[in-house]
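Q: Okay, handing you the structure first.
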Amino acid sequence: MKKPLIEIKDFCFAYAGEKILDGVSLNVYESEYLSIIGPNGAGKTTLLKCMVRILRGGEGNIRLDGRLLAQYRQKELARLVSYVAQGDSGGVLFTVAEYVLMGRYPYLSPFSTFSAPDRAAAENALELTGTAHLARRRIDTLSGGERQIVFIASAIAQGARIMLLDEPTTFLDPRHESHVLDIIKKVNRKFAITVISVTHDINHAALQSDRIVSLKGGKVMFDGPAGDIMDNRILERIYGKRFNFVKHPENGSLIIVPEVGRS
Amino acid sequence: MSRKNALPVLFASAALAVLAVAPFIGMETIPLDSIIHPQIGDPRAEIFWKIRLPRVILAFCAGAGLSVSGMTFQAIFRNPLATPFTLGVSSGAAFGAAVYLMAGMLIPLLGLSGQSLSSFAGALLAIGVVYGLSRAKKGFSTATMLLAGVAVNFFFSSLILFVQYLSDFANSYRIIRWLMGGIETVGFGSVITVAPFVLIGCAVVFFYTHELNLMSLGEENAISRGVNVKGVKTALFFAVSLMVGGVVAQCGPIGFVGMMCPHICRLLIGPDHNYLTPVTFLFGGMFLTACDMLSRTIIAPAEIPLGVITALLGGPFFLWLLLGGSAERSILK
């Protein structure tokens with residue numbers, strides 16, 4: 001069996017006396033696309049933040065590439081894992097080019113400035129995400145959708161093998177939503193980057209990713225192939241409600257449709 | 001040459017010009033000739049070398065140090081109103097110095113003046129309190145932090161009053177005069193006292209310009225891009241305490257320089273600290289040198305305390321930031 005790139009074992013995390021993660025065990029393999037779903041407050045964001053050490057501590061182990069998280073220096077960790085926060089509002093006064101280039105920080109040595117390869121990586125990330133034309137614009141002049149894509153571009157420029165995304169499509173219009181999903185898919189398929197994406201969109205999780213993990217109350221409730229999530233016995237345990245399914249017209253896989261409103 | 005590269009060069013030239021011209025201007029303008037060919041019995045050369053020049057250099061050091069400190073706080077706390085002055089760090093430093101003045105000791109420690117060291121300790125204490133408060137509660141907003149800063153400010157101000165009350169008449173007067181803020185010096189003694197604090201502090205800030213950029217995006221952003229936020233913050237708080245402590249011990253709590261200068265520079269050159277830091281250093285130095293020149297010429301031969309001038313400029317500027325919405329727009333998030 002292949003060795004997992006990310007190995008989380010019996011991980012618990014408490015914040016202000018409240019247990020948010022309660023014995024999470026999870027393996028993620030190289031170049032996998034994993035979606036994490038679950039109700040609000042299930043601990044999804046907390047799990048991502050623990051993996052990039054925005055939140056420190058917790059009991060149990062997280063191993064990345066075979067090494068314990070605690071053994072990484074922050075710069076080393078950033079070369080292995082990038083993170084796109086939810087509803088990020090950082091850096092409004094920077095230009096897009098400056099912002100994306102800052103993703104190269106983990107490769108910077110003291111007393112130096114960004115090198116030619118750093119600039120090339122940033123330009124590639126802009127190219128790949130189709131935001132090269134925005135390079136000279138200031139972040140605060142962009143629309144919410146453009147901003148989110150620029151934040152992802154910065155994470156791509158970081159050149160890490162693992163990319164964590166926290167609700168990357170929330171707040172986006174349908175066009176930007178599919179653009180973002182395309183970018184994530186491309187990063188995963190073309191560059192074999194391991195993607196972990198937290199989302200509330202069960203349909204997109206099922207259609208996009210290889211595998212779905214569901215958290216509830218800080219525990220793993222489901223862990224399996226993406227298609228298997230479309231089952232009311234599972235979904236009812238996660239969300240406490242039942243869903244309607246139809247067959248997708250393009251590939252026949254099950255998707256959720258909203259219920260007709262009753263009054 | 002791009003604007004980003006041109007501005008630092010422009011500011012460096014302007015700073016040199018200010019440093020070259022300022023010592024000649026004052027109650028009495030000193031002609032260049034009297035310095036190059038000093039006449040025996042002419043006091044003007046003496047005034048130039050022993051009073052004017054050290055004073056100009058001291059003003060430049062103080063302005064540069066306070067501005068770079070302000071810039072650092074604005075980036076860390078992501079708000080143009082968050083500076084060592086508004087958050088009470090200056091009054092912490094002033095309290096440290098006042099305690100020392102009250103005790104009336106004049107003991108140098110390790111070659112540094114005791115007043116600077118106790119002022120530094122006061123600054124560290126105030127930073128500790130503000131930072132501790134901002135960490136104590138989750139979701140501590142900037143507004144709450146500024147209010148906490150006001151509280152810290154009041155707290156230390158009353159402690160200073162208390163210290164002053166306890167002091168004898170002579171020390172009490174020394175404390176009052178020093179609290180007004182000013183760059184009075186005879187000879188290079190005080191320059192040598194202040195400069196190391198400012199230079200070491202600025203060197204630390206210059207070392208962390210990339211980190212300041214990332215921290216101005218927010219702590220989570222900085223961490224996920226590989227910044228050791230805890231370590232960098234500790235180093236920067238230490239650097240700011242050094243600068244504020246060093247300057248305040250000698251020149252008193254000079255207000256608002258640390259807020260105005262970096263903000264103006266940010267509007268001029270943008271948020272990139274690789275450029276912003278040198279420009280702020282130069283602009284802050286020039287600004288305070290110019291203010292000091294005003295303070296000793298407007299009602300010469302009397303002097304307006306420097307702190308009065310900067311506060312008279314800074315108060316309206318602060319209100320303009322608050323009311324003009326410029327604070328909202330330029331909050332660094």
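Chain labels follow the order of the structure tokens: the first chain is A, the next B, and so on; residue numbering restarts at 1 in every chain, and ligands are counted from 1 in their shown order.
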I'd like the neighbourhood of stretch 257-262 of chain B as a ChimeraX atom specification, where a residue qualifies if any of its atoms comes within 10 Å (using only C-alpha atoms), though same-chain residues fewer than 6 positions away should be ignored.
A: /B:62-74,80-86,244,268,276-277,279-288,307,310-311,313-315,317-318,321
Q: Set the cut-off to 8 Å and count only C-alpha atoms: what are the residues of chain B that reach chain A? Output as a list in words.
A: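 Listed by rising number, the hits are Phe207, His210, Leu214, Ser216, Leu217, Gly218, Glu220, Asn221, Ile223, Ser224, Arg225, Gly226, Val227, Asn228, Gly270, Pro271, Asp272, Ser330, Leu332 and Lys333 of chain B.
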Q: Export, as a short mmCIF file (atom, residue, chain, number, x, y, z; two decimals), in the first residue's frame, the selected residues with N, CA and C atoms.
A:
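The new file result10.cif reads:
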data_model
loop_
_atom_site.label_atom_id
_atom_site.label_comp_id
_atom_site.auth_asym_id
_atom_site.auth_seq_id
_atom_site.Cartn_x
_atom_site.Cartn_y
_atom_site.Cartn_z
N PHE B 207 15.37 44.33 8.50
CA PHE B 207 15.59 42.90 8.29
C PHE B 207 14.27 42.18 8.01
N HIS B 210 9.99 41.94 4.36
CA HIS B 210 9.11 40.97 3.68
C HIS B 210 8.05 40.44 4.65
N LEU B 214 3.81 40.57 4.64
CA LEU B 214 2.90 39.44 4.82
C LEU B 214 2.03 39.62 6.06
N SER B 216 0.98 42.40 7.16
CA SER B 216 -0.05 43.39 6.87
C SER B 216 -1.22 42.76 6.11
N LEU B 217 -1.04 41.52 5.62
CA LEU B 217 -2.16 40.79 5.00
C LEU B 217 -2.99 40.07 6.06
N GLY B 218 -2.52 40.08 7.27
CA GLY B 218 -3.21 39.35 8.33
C GLY B 218 -2.36 38.19 8.79
N GLU B 220 -2.99 35.09 9.69
CA GLU B 220 -3.18 33.75 9.13
C GLU B 220 -2.50 33.64 7.77
N ASN B 221 -2.63 34.69 6.98
CA ASN B 221 -1.97 34.73 5.69
C ASN B 221 -0.46 34.62 5.85
N ILE B 223 1.26 33.32 8.35
CA ILE B 223 1.66 31.99 8.83
C ILE B 223 1.62 30.99 7.69
N SER B 224 0.54 31.02 6.90
CA SER B 224 0.41 29.99 5.87
C SER B 224 1.41 30.20 4.74
N ARG B 225 2.01 31.38 4.67
CA ARG B 225 3.07 31.58 3.67
C ARG B 225 4.46 31.40 4.28
N GLY B 226 4.49 30.96 5.52
CA GLY B 226 5.77 30.54 6.10
C GLY B 226 6.42 31.52 7.05
N VAL B 227 5.71 32.56 7.47
CA VAL B 227 6.30 33.50 8.42
C VAL B 227 6.15 32.94 9.84
N ASN B 228 7.23 32.94 10.57
CA ASN B 228 7.19 32.56 11.98
C ASN B 228 6.68 33.78 12.75
N GLY B 270 2.98 53.39 -1.63
CA GLY B 270 2.29 52.10 -1.60
C GLY B 270 2.68 51.28 -0.40
N PRO B 271 2.11 50.08 -0.29
CA PRO B 271 2.22 49.32 0.95
C PRO B 271 3.45 48.40 1.05
N ASP B 272 4.29 48.36 0.01
CA ASP B 272 5.42 47.42 0.02
C ASP B 272 6.51 47.92 0.97
N SER B 330 -7.62 52.88 3.93
CA SER B 330 -6.22 52.49 3.96
C SER B 330 -5.92 51.49 5.06
N LEU B 332 -5.05 48.30 6.52
CA LEU B 332 -4.20 47.48 5.68
C LEU B 332 -4.76 46.08 5.49
N LYS B 333 -6.08 45.96 5.41
CA LYS B 333 -6.57 44.60 5.22
C LYS B 333 -7.34 44.45 3.94
#
Q: Excluding same-chain residues fewer than 4 positions from stretch 185-201 of chain A, what lies within 7 Å of it counting only C-alpha atoms, as an MDAnalysis selection string?
A: chainID A and resid 30:37 44 161:167 181 205
Q: Need the shell around B:Val198: protein/DNA/RNA residues with any atom at most 7 Å away, counting only C-alpha atoms. Skip same-chain ones fewer than 5 positions apart. Format as a list in words?
A: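 Result of the neighbour search: Cys61, Gly65, Met243 and Gly246 of chain B.
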Q: Out of stretch 28-185 of chain A, which residues get helix (DSSP H, G or I) from DSSP, as JSON, numbers by chain?
A: {"A": [44, 45, 46, 47, 48, 49, 50, 51, 69, 70, 71, 74, 75, 76, 77, 78, 79, 80, 96, 97, 98, 99, 100, 101, 102, 103, 104, 105, 106, 107, 116, 117, 118, 119, 120, 121, 122, 123, 124, 125, 126, 127, 128, 132, 133, 134, 139, 140, 141, 144, 145, 146, 147, 148, 149, 150, 151, 152, 153, 154, 155, 156, 157, 174, 175, 176, 177, 178, 179, 180, 181, 182, 183, 184, 185]}
Q: Please write the residues from the selection above to a file, keeping C-alpha atoms, as a PDB file, in the first residue's frame.
A:
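Result written to part_6.pdb:
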ATOM      1  CA  LYS A  44     -13.599  21.502   9.150  1.00  0.00           C
ATOM      2  CA  THR A  45     -11.858  24.875   9.173  1.00  0.00           C
ATOM      3  CA  THR A  46     -10.136  24.046  12.451  1.00  0.00           C
ATOM      4  CA  LEU A  47      -8.681  20.891  10.903  1.00  0.00           C
ATOM      5  CA  LEU A  48      -7.231  22.866   7.959  1.00  0.00           C
ATOM      6  CA  LYS A  49      -5.824  25.540  10.273  1.00  0.00           C
ATOM      7  CA  CYS A  50      -4.151  22.901  12.420  1.00  0.00           C
ATOM      8  CA  MET A  51      -2.496  21.440   9.315  1.00  0.00           C
ATOM      9  CA  LEU A  69       4.079  18.603  11.933  1.00  0.00           C
ATOM     10  CA  ALA A  70       5.927  19.928  14.982  1.00  0.00           C
ATOM     11  CA  GLN A  71       9.272  19.119  13.355  1.00  0.00           C
ATOM     12  CA  GLN A  74       7.275  27.392   9.294  1.00  0.00           C
ATOM     13  CA  LYS A  75       9.019  28.136   5.983  1.00  0.00           C
ATOM     14  CA  GLU A  76       9.556  24.434   5.276  1.00  0.00           C
ATOM     15  CA  LEU A  77       5.920  23.791   6.014  1.00  0.00           C
ATOM     16  CA  ALA A  78       4.872  26.552   3.608  1.00  0.00           C
ATOM     17  CA  ARG A  79       6.933  24.915   0.860  1.00  0.00           C
ATOM     18  CA  LEU A  80       4.899  21.734   1.390  1.00  0.00           C
ATOM     19  CA  VAL A  96      -2.157  41.612  -7.910  1.00  0.00           C
ATOM     20  CA  ALA A  97       1.413  40.996  -9.133  1.00  0.00           C
ATOM     21  CA  GLU A  98       2.912  42.017  -5.773  1.00  0.00           C
ATOM     22  CA  TYR A  99       0.383  39.930  -3.889  1.00  0.00           C
ATOM     23  CA  VAL A 100       0.929  36.752  -5.897  1.00  0.00           C
ATOM     24  CA  LEU A 101       4.709  37.178  -5.684  1.00  0.00           C
ATOM     25  CA  MET A 102       4.428  37.165  -1.898  1.00  0.00           C
ATOM     26  CA  GLY A 103       3.468  33.509  -2.202  1.00  0.00           C
ATOM     27  CA  ARG A 104       7.167  32.927  -2.889  1.00  0.00           C
ATOM     28  CA  TYR A 105       8.170  34.043   0.601  1.00  0.00           C
ATOM     29  CA  PRO A 106       9.082  30.515   1.789  1.00  0.00           C
ATOM     30  CA  TYR A 107      11.897  30.399  -0.797  1.00  0.00           C
ATOM     31  CA  ALA A 116      13.986  35.466 -11.341  1.00  0.00           C
ATOM     32  CA  PRO A 117      12.589  31.950 -10.736  1.00  0.00           C
ATOM     33  CA  ASP A 118      10.284  33.426  -8.064  1.00  0.00           C
ATOM     34  CA  ARG A 119       8.995  35.997 -10.543  1.00  0.00           C
ATOM     35  CA  ALA A 120       8.562  33.290 -13.172  1.00  0.00           C
ATOM     36  CA  ALA A 121       6.569  31.137 -10.734  1.00  0.00           C
ATOM     37  CA  ALA A 122       4.305  34.089  -9.914  1.00  0.00           C
ATOM     38  CA  GLU A 123       3.765  34.850 -13.601  1.00  0.00           C
ATOM     39  CA  ASN A 124       2.974  31.202 -14.317  1.00  0.00           C
ATOM     40  CA  ALA A 125       0.402  31.234 -11.528  1.00  0.00           C
ATOM     41  CA  LEU A 126      -1.233  34.330 -13.028  1.00  0.00           C
ATOM     42  CA  GLU A 127      -1.177  32.707 -16.474  1.00  0.00           C
ATOM     43  CA  LEU A 128      -2.627  29.435 -15.165  1.00  0.00           C
ATOM     44  CA  ALA A 132      -2.401  37.923 -15.999  1.00  0.00           C
ATOM     45  CA  HIS A 133      -4.435  40.863 -17.297  1.00  0.00           C
ATOM     46  CA  LEU A 134      -5.146  41.924 -13.682  1.00  0.00           C
ATOM     47  CA  ILE A 139      -6.570  44.107  -4.919  1.00  0.00           C
ATOM     48  CA  ASP A 140      -9.232  46.517  -3.638  1.00  0.00           C
ATOM     49  CA  THR A 141     -10.324  47.315  -7.198  1.00  0.00           C
ATOM     50  CA  GLY A 144     -15.018  39.310  -5.050  1.00  0.00           C
ATOM     51  CA  GLY A 145     -14.665  36.577  -7.654  1.00  0.00           C
ATOM     52  CA  GLU A 146     -11.480  38.009  -9.154  1.00  0.00           C
ATOM     53  CA  ARG A 147     -10.048  38.394  -5.671  1.00  0.00           C
ATOM     54  CA  GLN A 148     -10.656  34.778  -4.782  1.00  0.00           C
ATOM     55  CA  ILE A 149      -8.920  33.661  -7.979  1.00  0.00           C
ATOM     56  CA  VAL A 150      -5.947  35.911  -7.186  1.00  0.00           C
ATOM     57  CA  PHE A 151      -5.716  34.398  -3.693  1.00  0.00           C
ATOM     58  CA  ILE A 152      -5.649  30.948  -5.276  1.00  0.00           C
ATOM     59  CA  ALA A 153      -2.995  32.147  -7.744  1.00  0.00           C
ATOM     60  CA  SER A 154      -0.841  33.226  -4.799  1.00  0.00           C
ATOM     61  CA  ALA A 155      -1.205  29.755  -3.271  1.00  0.00           C
ATOM     62  CA  ILE A 156      -0.262  28.194  -6.618  1.00  0.00           C
ATOM     63  CA  ALA A 157       2.822  30.427  -6.810  1.00  0.00           C
ATOM     64  CA  PRO A 174     -21.856  30.895 -11.017  1.00  0.00           C
ATOM     65  CA  ARG A 175     -19.266  31.892 -13.618  1.00  0.00           C
ATOM     66  CA  HIS A 176     -16.513  32.554 -11.099  1.00  0.00           C
ATOM     67  CA  GLU A 177     -17.567  29.440  -9.227  1.00  0.00           C
ATOM     68  CA  SER A 178     -16.944  27.179 -12.197  1.00  0.00           C
ATOM     69  CA  HIS A 179     -13.739  29.051 -13.034  1.00  0.00           C
ATOM     70  CA  VAL A 180     -12.419  28.408  -9.530  1.00  0.00           C
ATOM     71  CA  LEU A 181     -13.464  24.751  -9.641  1.00  0.00           C
ATOM     72  CA  ASP A 182     -11.727  24.359 -13.017  1.00  0.00           C
ATOM     73  CA  ILE A 183      -8.526  25.861 -11.651  1.00  0.00           C
ATOM     74  CA  ILE A 184      -8.546  23.529  -8.654  1.00  0.00           C
ATOM     75  CA  LYS A 185      -9.175  20.520 -10.866  1.00  0.00           C
TER      76      LYS A 185
END
Q: Give me the residues within 7 Å of stretch 47-54 of chain B as a list in words, counting only C-alpha atoms and dropping any in the same chain fewer than 6 places off.
A: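 Close residues of stretch 47-54 of chain B: Pro23, Thr185, Val186, Gly187, Phe188 and Val191 of chain B.
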Q: Based on the backbone DSSP call, show me all residues of stretch 7-232 of chain A assigned strand (DSSP E), as a VMD selection string.
A: chain A and resid 7 to 15 18 to 28 33 to 37 59 to 64 67 to 68 81 to 84 162 to 166 194 to 198 211 to 216 219 to 225
Q: What is the distance, in Å and to one decimal place, between atom CA of B:Leu267 and atom CA of B:Arg3?
A: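 One can read the atom CA of B:Leu267 to atom CA of B:Arg3 distance as 12.6 Å.
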Q: For B:Val205, find every residue with an atom within 7 Å (counting only C-alpha atoms), except residues of its own chain fewer than 4 positions away, and show them as a PyMOL selection string.
A: chain B and resi 201+209+236
Q: Please identify all polymer residues within 9 Å of B:Val150, counting only C-alpha atoms, omitting same-chain residues fewer than 5 positions from it, and present them as a list in words.
A: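 Skipping anything fewer than 5 positions along the chain leaves Thr86, Leu87, Gly88, Met145 and Phe155 of chain B.
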